[in-house]
Every structure is written in C-alpha cells, then in structure tokens.
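J.: So I've got this file, structure06.txt, and it contains compact mmCIF, C-alpha atoms:
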```txt
# COMPACT_ATOMS: atom_id res chain seq x y z
CA MET C 30 6.52 -48.61 11.30
CA HIS C 31 6.52 -45.27 13.07
CA GLY C 32 4.13 -43.63 10.57
CA GLU C 33 1.63 -46.49 10.54
CA ARG C 34 -1.79 -45.57 11.83
CA GLN C 35 -2.73 -47.33 15.04
CA PRO C 36 -6.09 -49.16 14.91
CA ALA C 37 -8.84 -47.21 16.64
CA GLN C 38 -10.74 -48.68 19.52
CA GLY C 39 -14.00 -50.34 18.59
CA GLU C 40 -13.31 -50.93 14.87
CA GLY C 41 -15.81 -53.33 13.34
CA CYS C 42 -15.29 -56.45 11.31
CA LEU C 43 -15.98 -54.52 8.09
CA VAL C 44 -12.95 -52.29 8.65
CA VAL C 45 -10.69 -55.26 9.43
CA ALA C 46 -12.00 -57.19 6.41
CA ILE C 47 -11.42 -54.23 4.06
CA ARG C 48 -7.98 -53.17 5.35
CA ILE C 49 -5.73 -56.09 4.30
CA PRO C 50 -7.00 -56.52 0.66
CA VAL C 51 -6.95 -52.78 0.11
CA ARG C 52 -3.38 -52.53 1.42
CA LEU C 53 -2.20 -55.40 -0.77
CA VAL C 54 -3.78 -53.93 -3.91
CA THR C 55 -2.48 -50.43 -3.22
CA LEU C 56 1.01 -51.78 -2.47
CA MET C 57 1.11 -53.57 -5.84
CA LEU C 58 -0.08 -50.39 -7.56
CA VAL C 59 2.08 -47.92 -5.66
CA VAL C 60 5.48 -49.72 -5.77
CA PRO C 61 6.07 -49.09 -9.54
CA VAL C 62 4.90 -45.51 -9.18
CA ARG C 63 7.25 -44.91 -6.23
CA MET C 64 10.20 -46.46 -8.06
CA VAL C 65 9.53 -44.32 -11.13
CA TRP C 66 9.21 -41.30 -8.84
CA ASP C 67 12.55 -42.03 -7.15
CA VAL C 68 14.23 -42.47 -10.56
CA LEU C 69 12.81 -39.15 -11.70
CA VAL C 70 13.98 -37.44 -8.49
CA VAL C 71 17.53 -38.80 -8.87
CA GLY C 72 17.59 -37.83 -12.55
CA ALA C 73 16.29 -34.38 -11.75
CA ARG C 74 18.94 -33.85 -9.06
CA PHE C 75 21.68 -35.05 -11.43
CA LEU C 76 20.36 -32.82 -14.23
CA ASN C 77 20.14 -29.88 -11.85
CA GLY C 78 23.66 -30.38 -10.55
CA THR C 79 25.34 -31.01 -13.93
CA VAL C 80 23.31 -29.00 -16.46
CA LEU C 81 20.77 -26.58 -15.06
CA ARG C 82 22.86 -24.97 -12.33
CA PRO C 83 25.98 -24.36 -14.55
CA ALA C 84 23.69 -23.19 -17.36
CA GLY C 85 21.93 -20.87 -14.92
CA ARG C 86 25.24 -19.45 -13.69
CA ALA C 87 26.40 -18.98 -17.30
CA LEU C 88 23.13 -17.26 -18.22
CA LEU C 89 23.41 -15.09 -15.11
CA TRP C 90 26.94 -14.06 -16.02
CA LEU C 91 25.86 -13.47 -19.65
CA GLY C 92 22.89 -11.41 -18.47
CA ARG C 93 25.16 -9.31 -16.28
CA ALA C 94 27.66 -8.88 -19.12
CA VAL C 95 24.98 -7.98 -21.67
CA PHE C 96 22.48 -5.99 -19.60
CA VAL C 97 23.85 -4.93 -16.19
CA TRP C 98 27.47 -3.94 -16.84
CA PRO C 99 26.74 -1.80 -19.97
CA PHE C 100 24.01 0.07 -18.12
CA VAL C 101 26.26 0.51 -15.08
CA GLY C 102 29.03 1.84 -17.28
CA LEU C 103 26.58 4.07 -19.16
CA TRP C 104 25.21 5.40 -15.87
CA ARG C 105 28.62 5.91 -14.27
CA TYR C 106 30.59 7.30 -17.19
CA VAL C 107 27.90 8.99 -19.33
CA VAL C 108 24.69 9.80 -17.46
CA VAL C 109 26.27 11.01 -14.20
CA PRO C 110 28.85 13.33 -15.89
CA VAL C 111 26.21 14.65 -18.34
CA ALA C 112 23.78 15.20 -15.47
CA LYS C 113 26.43 17.06 -13.46
CA GLY C 114 27.25 19.16 -16.49
CA LEU C 115 23.58 19.92 -17.14
CA ALA C 116 23.08 20.77 -13.45
CA TRP C 117 26.00 23.19 -13.56
CA LEU C 118 24.75 24.66 -16.86
CA GLY C 119 21.21 25.01 -15.45
CA LYS C 120 22.57 26.71 -12.35
CA VAL C 121 24.67 29.12 -14.41
CA CYS C 122 22.06 29.78 -17.12
CA VAL C 123 18.79 29.62 -15.14
CA VAL C 124 19.18 29.75 -11.36
CA VAL C 125 21.67 32.61 -11.13
CA PRO C 126 19.84 34.85 -13.69
CA ALA C 127 16.48 34.05 -12.06
CA ALA C 128 17.83 34.94 -8.62
CA TRP C 129 19.25 38.16 -10.04
CA VAL C 130 15.93 39.05 -11.72
CA TYR C 131 14.01 38.25 -8.53
CA ARG C 132 16.32 40.27 -6.31
CA TRP C 133 16.92 43.34 -8.47
CA LEU C 134 13.74 43.47 -10.61
CA LEU C 135 10.76 41.59 -9.20
CA THR C 136 11.33 42.62 -5.56
CA PRO C 137 11.37 46.39 -6.28
CA VAL C 138 8.37 46.02 -8.62
CA GLY C 139 6.52 44.04 -5.92
CA HIS C 140 7.26 46.72 -3.32
CA GLY C 141 5.92 49.36 -5.74
CA PHE C 142 2.71 47.38 -6.27
CA GLY C 143 2.33 47.04 -2.51
CA TRP C 144 2.61 50.80 -2.09
CA VAL C 145 -0.01 51.36 -4.83
CA TYR C 146 -2.31 48.79 -3.20
CA ARG C 147 -2.03 50.38 0.26
CA ARG C 148 -2.18 54.04 -0.80
CA VAL C 149 -4.55 53.95 -3.82
CA LEU C 150 -6.51 50.72 -4.29
CA THR C 151 -7.45 50.21 -0.61
CA PRO C 152 -9.18 53.63 -0.14
CA VAL C 153 -10.97 53.26 -3.50
CA GLY C 154 -12.13 49.76 -2.56
CA HIS C 155 -13.47 50.97 0.81
CA ALA C 156 -15.48 53.68 -0.89
CA VAL C 157 -16.94 51.30 -3.46
CA LEU C 158 -17.79 48.84 -0.68
CA TRP C 159 -19.64 51.54 1.30
CA VAL C 160 -21.72 52.42 -1.80
CA LEU C 161 -22.49 48.77 -2.49
CA ARG C 162 -23.59 48.23 1.10
CA GLY C 163 -26.13 51.08 0.82
CA VAL C 164 -27.46 49.73 -2.47
CA GLY C 165 -27.66 46.22 -1.01
CA ALA C 166 -29.60 47.42 2.02
CA GLY C 167 -32.17 49.07 -0.23
CA ILE C 168 -32.50 45.97 -2.38
CA VAL C 169 -32.94 43.79 0.70
CA PHE C 170 -35.73 46.05 2.02
CA VAL C 171 -37.63 45.97 -1.30
CA VAL C 172 -37.24 42.17 -1.64
CA GLY C 173 -38.44 41.63 1.96
CA ALA C 174 -41.57 43.71 1.40
CA VAL C 175 -42.42 41.85 -1.83
CA TYR C 176 -41.80 38.50 -0.13
CA HIS C 177 -44.14 39.40 2.78
CA VAL C 178 -46.94 40.37 0.38
CA LEU C 179 -46.51 37.20 -1.66
CA ALA C 180 -46.50 35.06 1.53
CA VAL C 181 -49.80 36.55 2.72
CA LEU C 182 -51.41 36.00 -0.69
CA ALA C 183 -50.14 32.41 -0.88
CA ARG C 184 -51.44 31.63 2.61
CA TYR C 185 -54.99 32.83 2.03
CA LEU C 186 -55.30 31.85 -1.62
CA VAL C 187 -53.49 28.44 -1.61
CA ALA C 188 -52.67 27.03 1.84
CA VAL C 189 -56.06 27.59 3.59
CA PRO C 190 -58.20 26.08 0.74
CA ALA C 191 -55.75 23.13 0.36
CA LEU C 192 -55.92 22.42 4.13
CA TRP C 193 -59.73 22.49 4.10
CA LEU C 194 -59.81 20.13 1.09
CA TYR C 195 -57.38 17.70 2.77
CA ARG C 196 -59.24 17.68 6.12
CA TRP C 197 -62.88 17.40 4.94
CA VAL C 198 -62.58 15.58 1.59
CA LEU C 199 -59.36 13.62 1.12
CA THR C 200 -59.06 12.26 4.69
CA PRO C 201 -62.54 10.59 4.81
CA LEU C 202 -62.02 9.24 1.30
CA GLY C 203 -58.61 7.83 2.26
CA HIS C 204 -60.00 6.13 5.38
CA ALA C 205 -62.72 4.45 3.28
CA LEU C 206 -60.20 3.27 0.70
CA ALA C 207 -57.89 1.96 3.44
CA TRP C 208 -60.72 -0.04 5.06
CA CYS C 209 -61.61 -1.60 1.70
CA GLY C 210 -57.94 -2.40 1.03
CA ARG C 211 -57.54 -4.11 4.43
CA GLY C 212 -60.59 -6.27 3.72
CA LEU C 213 -59.25 -7.28 0.31
CA ALA C 214 -55.81 -8.00 1.78
CA TRP C 215 -57.36 -10.23 4.48
CA CYS C 216 -59.26 -12.19 1.86
CA ALA C 217 -56.15 -12.57 -0.29
CA ARG C 218 -54.06 -13.61 2.72
CA MET C 219 -56.54 -16.29 3.70
CA ALA C 220 -56.69 -17.61 0.15
CA VAL C 221 -52.88 -17.67 -0.16
CA THR C 222 -52.55 -19.33 3.27
CA GLY C 223 -54.97 -22.10 2.29
CA VAL C 224 -53.28 -22.69 -1.05
CA GLY C 225 -49.82 -22.60 0.56
CA THR C 226 -50.85 -25.09 3.26
CA ALA C 227 -52.22 -27.45 0.63
CA LEU C 228 -49.08 -27.13 -1.49
CA TYR C 229 -46.85 -27.58 1.59
CA TRP C 230 -48.49 -30.85 2.64
CA THR C 231 -48.61 -32.08 -0.96
CA GLY C 232 -44.89 -31.38 -1.44
CA ARG C 233 -44.04 -32.87 1.96
CA VAL C 234 -45.93 -36.09 1.21
CA LEU C 235 -44.74 -36.40 -2.38
CA PHE C 236 -41.11 -35.20 -2.12
CA VAL C 237 -39.81 -34.49 1.39
CA LEU C 238 -40.82 -37.72 3.17
CA PRO C 239 -39.52 -40.00 0.33
CA ALA C 240 -36.30 -37.99 0.10
CA LEU C 241 -35.88 -38.12 3.88
CA GLY C 242 -36.39 -41.89 3.84
CA VAL C 243 -33.86 -42.32 1.02
CA TRP C 244 -31.33 -40.11 2.86
CA ARG C 245 -31.83 -41.82 6.23
CA TRP C 246 -32.08 -45.46 5.15
CA VAL C 247 -29.95 -45.51 1.94
CA LEU C 248 -27.51 -42.65 1.52
CA VAL C 249 -26.32 -42.40 5.13
CA PRO C 250 -25.36 -46.12 5.43
CA VAL C 251 -23.78 -46.09 1.97
CA GLY C 252 -21.90 -42.90 2.83
CA ARG C 253 -20.61 -44.42 6.05
CA VAL C 254 -19.38 -47.49 4.16
CA LEU C 255 -17.76 -45.30 1.51
CA ALA C 256 -16.17 -43.14 4.24
CA VAL C 257 -14.69 -46.23 5.87
CA VAL C 258 -13.45 -47.50 2.50
CA GLY C 259 -12.02 -44.09 1.61
CA ALA C 260 -10.24 -43.77 4.94
CA GLU C 261 -8.77 -47.24 4.59
CA VAL C 262 -7.74 -46.54 0.98
CA TRP C 263 -6.05 -43.30 2.06
CA ALA C 264 -4.27 -45.01 4.95
CA ALA C 265 -3.30 -47.90 2.64
CA LEU C 266 -1.90 -45.42 0.12
CA GLY C 267 0.24 -43.79 2.79
CA HIS C 268 1.41 -47.15 4.10
CA ALA C 269 2.11 -48.44 0.59
CA TRP C 270 3.98 -45.24 -0.30
CA ARG C 271 6.26 -45.64 2.71
CA VAL C 272 6.82 -49.34 2.04
CA ALA C 273 7.46 -48.59 -1.62
CA GLY C 274 10.04 -46.00 -0.57
CA HIS C 275 11.92 -48.61 1.45
CA ILE C 276 11.65 -51.09 -1.44
CA SER C 277 12.85 -48.48 -3.92
CA LEU C 278 15.75 -47.59 -1.61
CA ALA C 279 16.71 -51.27 -1.31
CA VAL C 280 16.46 -51.74 -5.09
CA GLY C 281 18.54 -48.63 -5.69
CA ARG C 282 21.22 -49.81 -3.27
CA ALA C 283 21.24 -53.24 -4.90
CA LEU C 284 21.55 -51.69 -8.37
CA GLY C 285 24.32 -49.43 -7.07
CA ARG C 286 26.21 -52.38 -5.62
CA LEU C 287 25.67 -54.38 -8.83
CA LEU C 288 26.93 -51.45 -10.93
CA ARG C 289 29.90 -51.10 -8.62
CA LEU C 290 30.74 -54.82 -8.84
CA VAL C 291 30.14 -55.03 -12.60
CA LEU C 292 31.65 -51.75 -13.79
CA VAL C 293 33.42 -49.71 -11.11
CA GLU C 294 35.46 -52.47 -9.44
CA PRO C 295 36.76 -53.95 -12.76
CA VAL C 296 37.66 -50.48 -13.99
CA ARG C 297 39.37 -49.72 -10.67
CA TRP C 298 41.20 -53.07 -10.77
CA VAL C 299 42.33 -52.48 -14.37
CA TYR C 300 43.45 -48.94 -13.47
CA ARG C 301 45.27 -50.06 -10.34
CA THR C 302 46.87 -53.31 -11.57
CA VAL C 303 47.36 -52.62 -15.30
CA LEU C 304 47.26 -48.96 -16.23
CA THR C 305 49.16 -47.63 -13.22
CA PRO C 306 52.21 -49.98 -13.64
CA VAL C 307 52.15 -49.41 -17.41
CA GLY C 308 51.99 -45.67 -16.85
CA HIS C 309 54.84 -45.78 -14.35
CA ALA C 310 56.88 -47.90 -16.74
CA VAL C 311 56.19 -45.54 -19.65
CA ARG C 312 57.04 -42.59 -17.42
CA ASP C 313 60.31 -44.14 -16.21
CA THR C 314 61.45 -45.64 -19.52
CA VAL C 315 60.14 -43.17 -22.11
CA LEU C 316 58.87 -39.87 -20.71
CA ARG C 317 61.64 -39.11 -18.21
CA PRO C 318 64.53 -39.96 -20.65
CA ALA C 319 62.72 -37.96 -23.35
CA ALA C 320 62.33 -35.04 -20.94
CA GLU C 321 65.99 -35.25 -19.91
CA ALA C 322 67.04 -35.40 -23.57
CA ALA C 323 64.80 -32.43 -24.36
CA ARG C 324 66.25 -30.46 -21.46
CA GLY C 325 69.84 -31.37 -22.58
CA ALA C 326 69.02 -30.37 -26.14
CA GLY C 327 67.60 -27.11 -24.86
CA ARG C 328 70.73 -26.40 -22.85
CA ALA C 329 72.91 -27.22 -25.88
CA VAL C 330 70.83 -24.98 -28.11
CA ARG C 331 71.00 -22.14 -25.56
CA GLN C 332 74.79 -22.55 -25.29
CA ALA C 333 75.13 -22.61 -29.08
CA VAL C 334 72.97 -19.50 -29.41
CA GLY C 335 75.03 -17.74 -26.70
CA THR C 336 78.28 -18.71 -28.45
CA ALA C 337 76.91 -17.50 -31.80
CA ARG C 338 75.87 -14.17 -30.23
CA ALA C 339 79.31 -13.71 -28.65
CA ALA C 340 81.01 -14.52 -32.00
CA ALA C 341 78.74 -12.05 -33.80
CA ARG C 342 79.52 -9.31 -31.26
CA GLN C 343 83.29 -9.99 -31.63
CA ALA C 344 82.98 -9.91 -35.45
CA ARG C 345 81.16 -6.55 -35.33
CA ALA C 346 83.82 -5.17 -33.01
CA ASP C 347 86.63 -6.34 -35.37
CA VAL C 348 84.92 -4.80 -38.42
CA ARG C 349 84.37 -1.51 -36.56
CA ARG C 350 88.03 -1.49 -35.49
CA MET C 351 89.25 -2.14 -39.04
CA LEU C 352 87.05 0.60 -40.53
CA PHE C 353 87.34 3.36 -37.93
CA GLY C 354 90.52 2.45 -36.09
CA GLU C 355 91.24 1.92 -32.43
CA ARG C 356 89.43 4.31 -30.11
CA VAL C 357 91.90 6.31 -27.95
CA PRO C 358 90.68 6.79 -24.39
CA ALA C 359 90.57 10.44 -23.28
CA ARG C 360 93.11 11.44 -20.63
CA GLY C 361 91.83 13.12 -17.51
CA VAL C 362 92.92 16.76 -16.89
CA ASP C 363 93.52 17.97 -13.38
CA ARG C 364 91.67 21.29 -13.27
CA ARG C 365 93.59 22.32 -10.16
CA GLU C 366 96.89 22.73 -12.15
CA PRO C 367 97.49 26.00 -14.11
CA SER C 368 97.45 25.71 -17.90
CA GLY C 369 99.96 27.08 -20.43
CA THR C 370 103.13 28.70 -19.26
CA GLU C 371 101.64 29.99 -16.08
CA GLY C 372 103.29 28.67 -12.96
CA ARG C 373 102.50 28.56 -9.34
CA THR C 374 102.87 31.86 -7.40
CA LEU C 375 102.81 30.58 -3.85
CA GLY C 376 105.85 32.70 -2.79
CA SER C 377 104.76 35.94 -4.49
CA SER C 378 102.19 38.53 -3.63
CA THR C 379 100.98 38.50 -7.23
CA THR C 380 98.61 35.65 -7.86
CA ALA C 381 97.15 34.27 -11.02
CA LEU C 382 93.86 36.03 -10.31
CA THR C 383 95.46 39.55 -10.00
CA LYS C 384 98.07 39.11 -12.68
CA ASP C 385 97.72 41.28 -15.82
```
Render the structure in this file as structure tokens.
T.:
Amino acid sequence: MHGERQPAQGEGCLVVAIRIPVRLVTLMLVVPVRMVWDVLVVGARFLNGTVLRPAGRALLWLGRAVFVWPFVGLWRYVVVPVAKGLAWLGKVCVVVPAAWVYRWLLTPVGHGFGWVYRRVLTPVGHAVLWVLRGVGAGIVFVVGAVYHVLAVLARYLVAVPALWLYRWVLTPLGHALAWCGRGLAWCARMAVTGVGTALYWTGRVLFVLPALGVWRWVLVPVGRVLAVVGAEVWAALGHAWRVAGHISLAVGRALGRLLRLVLVEPVRWVYRTVLTPVGHAVRDTVLRPAAEAARGAGRAVRQAVGTARAAARQARADVRRMLFGERVPARGVDRREPSGTEGRTLGSSTTALTKD
C-alpha cells in the first residue's frame, strides 16, 4: 500500500522476526475496533443529519424568537424612543438652562473676579511676598550661623577622636582578626576537601560505577530492543488500521448489497409490479369516477343554490310590489324649456330675464 513503511536499509534479523507476528496480532485486534469505529461514525453522521442538525436549527429559531427578537423589539420600539425623549428633555431642562446660566451669570461673575484679582489681590500678594522674603532671608542667615558652629563642634569633638580610634586601634585589631580567620578558613577548607574527596570516591565506587555498568550493559540493550518492538508495534498498528479500514469498507458494501437484495429490491419490485398497477386501477376505476361524480354533484348543488337565490329574489320583488305598488319612473325635465305659461320671446325685445 501507499502508506506502508518501506523497510530501512540494514535492518537486522530481530526486526524481521518481530514484524510479521506483531502485524498479525495487531490486525486481529484492530479489525473489530475499526469496524466498531466505522459503525459509530456512520451512526453519528446519520444522527447528526436527521436529529441534531434539525434540533439545532429549531433551538436556534426558538432562541431567536425567545431572546433576540423581544430584545430587538424592546430596543427599537421602547429604548430608542425613550432615550430620544430623555435626550430632548435633558437638552430642554438641563443644557439650555445651564448654557443660559453660564452665559448670563457665571461669565459676568468670572469677569468681576478677574478684575478683583488683577486690581486688588495681586498687589496685596506682592507686598506679602516681599515681607516674607525679608523674613526668610533673616531666618536663613541665623540658621546658617548655627549650622556652622555646630559643624565645627562636631568635627573637633566627634570626627577627629573617631578617626584616631579607627586608625590606631580598630585597624590593627581588624588585621589580626582577619589573619586568624584566614588561618581557620584554610584549616576548615582542607578538612572539608579531604572529607569530600573520601565521600566522592566512596560514592563513585559504591553507586556510580555499578549504576553505570547497569545502564551500559543492561538498560541500553533492553531499551534498544524495546524501541525496536515499539516502533514495529506502532507501524503494525498503522498498517492494521488501514487494512481494517479496507476490510470494514468491504464488509459495509457487502452488508449494503445484502440489505438492498433482501429488503430494497423486493420492496421496489412489489411497489413497481403490484402497488403501482393496483394504484392506477384504483385511480382509474374508483377515484376518477368519484371525483367526476363529486364535481357533477357540486355543479348541480351550485345550480340549485343559484336557482333558489333567483326564486327568492323574485319572491321578494313580488311581495314588495304587492305591498307598495309599482314604482313609477321619474320623467326627465328639459331645463332649457320655460315653465308655466311663459313662452318663448325670440321675436320681441322683452326677454324672460327683463320681463316684470
């Protein structure tokens, strides 16, 4: 096969001896697992296509109908109009009065404060600052003199004696203590070095050399064998999985063909050779005559209803005529002809409009 691993150059007899049994065992173990896996995959796809996806679409539509559309309607028809109304109300009740107060009240008051600051507070502040500068200069002079006196006293009463004590007493004593400490440190270092060397060789002889021998002569060969076995098992698993896929595909096709021959083809044959002629016969002998009879009955009923309506209208007209008499149609009057005894005056200078 295309995915089969090609044998490497220089493989030993151990690899060749392990490969075939391992592949046979893994094939026998993997084929049922692969077939179960393929059955689960097909079932999952069928379940997803017939149950989960329609259920998901229904839940999505239900979620939109329950959660999204009410909030959209609430936002569009309640929140937005209320917000616009509140914005207009805030503008009318807050922004416009605040602008008016700022323009006609706070601005003149601010200009007045500015004039007071420039003409009154600034000269007073300059005067106070000049006085404070003089007082500060005096305080600085007094503090400087006191500091100079204290510095001279501290130098001759504290610094000079401390320097003499450090140079002629503490320095020689420190050198002596340092020399003694270096000697003690050298002794301790030698003792620790000797003890460490002894412990190092003891641990090397008792632990390191045996462990190194076990690692070199036992664990490394065993690890190499296990690595070869693991690689062959992994390759055999891949090979067996691919072979099991082909076997599962062949079994699935065989089961599909068997199901088609056992169930689908007989059902198709029965539908084609039995149910279809029977259905056509029932349609031609029963359903079509029944439909024609129903249509004829409907037409007869509609004609009878129309005749009954016409008879009812005629009966109402006869009763109205007997009770109220025949209605006389109104005659049309030609408005261009004169009414009463007035005649035409075409040959006279006196017309109907100027006649008394």
J.: Could you state the separation of CA of Thr55 in chain C and CA of Trp263 in chain C in Å, given to one decimal place?
T.: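 CA of Trp263 in chain C lies at a distance of 9.6 Å from CA of Thr55 in chain C.
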J.: So that I can see what lies close to range 62-66 of chain C, please list as a list in words the residues with an atom at most 8 Å from it, counting only C-alpha atoms and leaving out residues fewer than 5 positions away in the same chain.
T.: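 Everything that qualifies: Trp270, Ala273, Gly274 and Ser277 of chain C.
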J.: Just how far from CA of Trp98 in chain C is CA of Leu118 in chain C, in Å to one decimal?
T.: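 Distance between the two atoms: 28.7 Å.
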J.: Restricting the calculation to all atoms listed in the file: of C:Met351, C:Phe142, C:Ala264, C:Leu91, which residue gets closest to Ile49 in chain C?
T.: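 For Ile49 in chain C, the nearest of the given residues is C:Ala264.
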J.: Nearest to Pro61 in chain C: which of C:Arg211, C:Ala269, C:Val262, C:Tyr146 is it, counting only C-alpha atoms?
T.: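 Checking each candidate against Pro61 in chain C, we get C:Ala269 as the closest.
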J.: Just the number, please: distance in Å from CA of Leu134 in chain C to CA of Val153 in chain C, one decimal.
T.: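 Distance between the two atoms: 27.5 Å.
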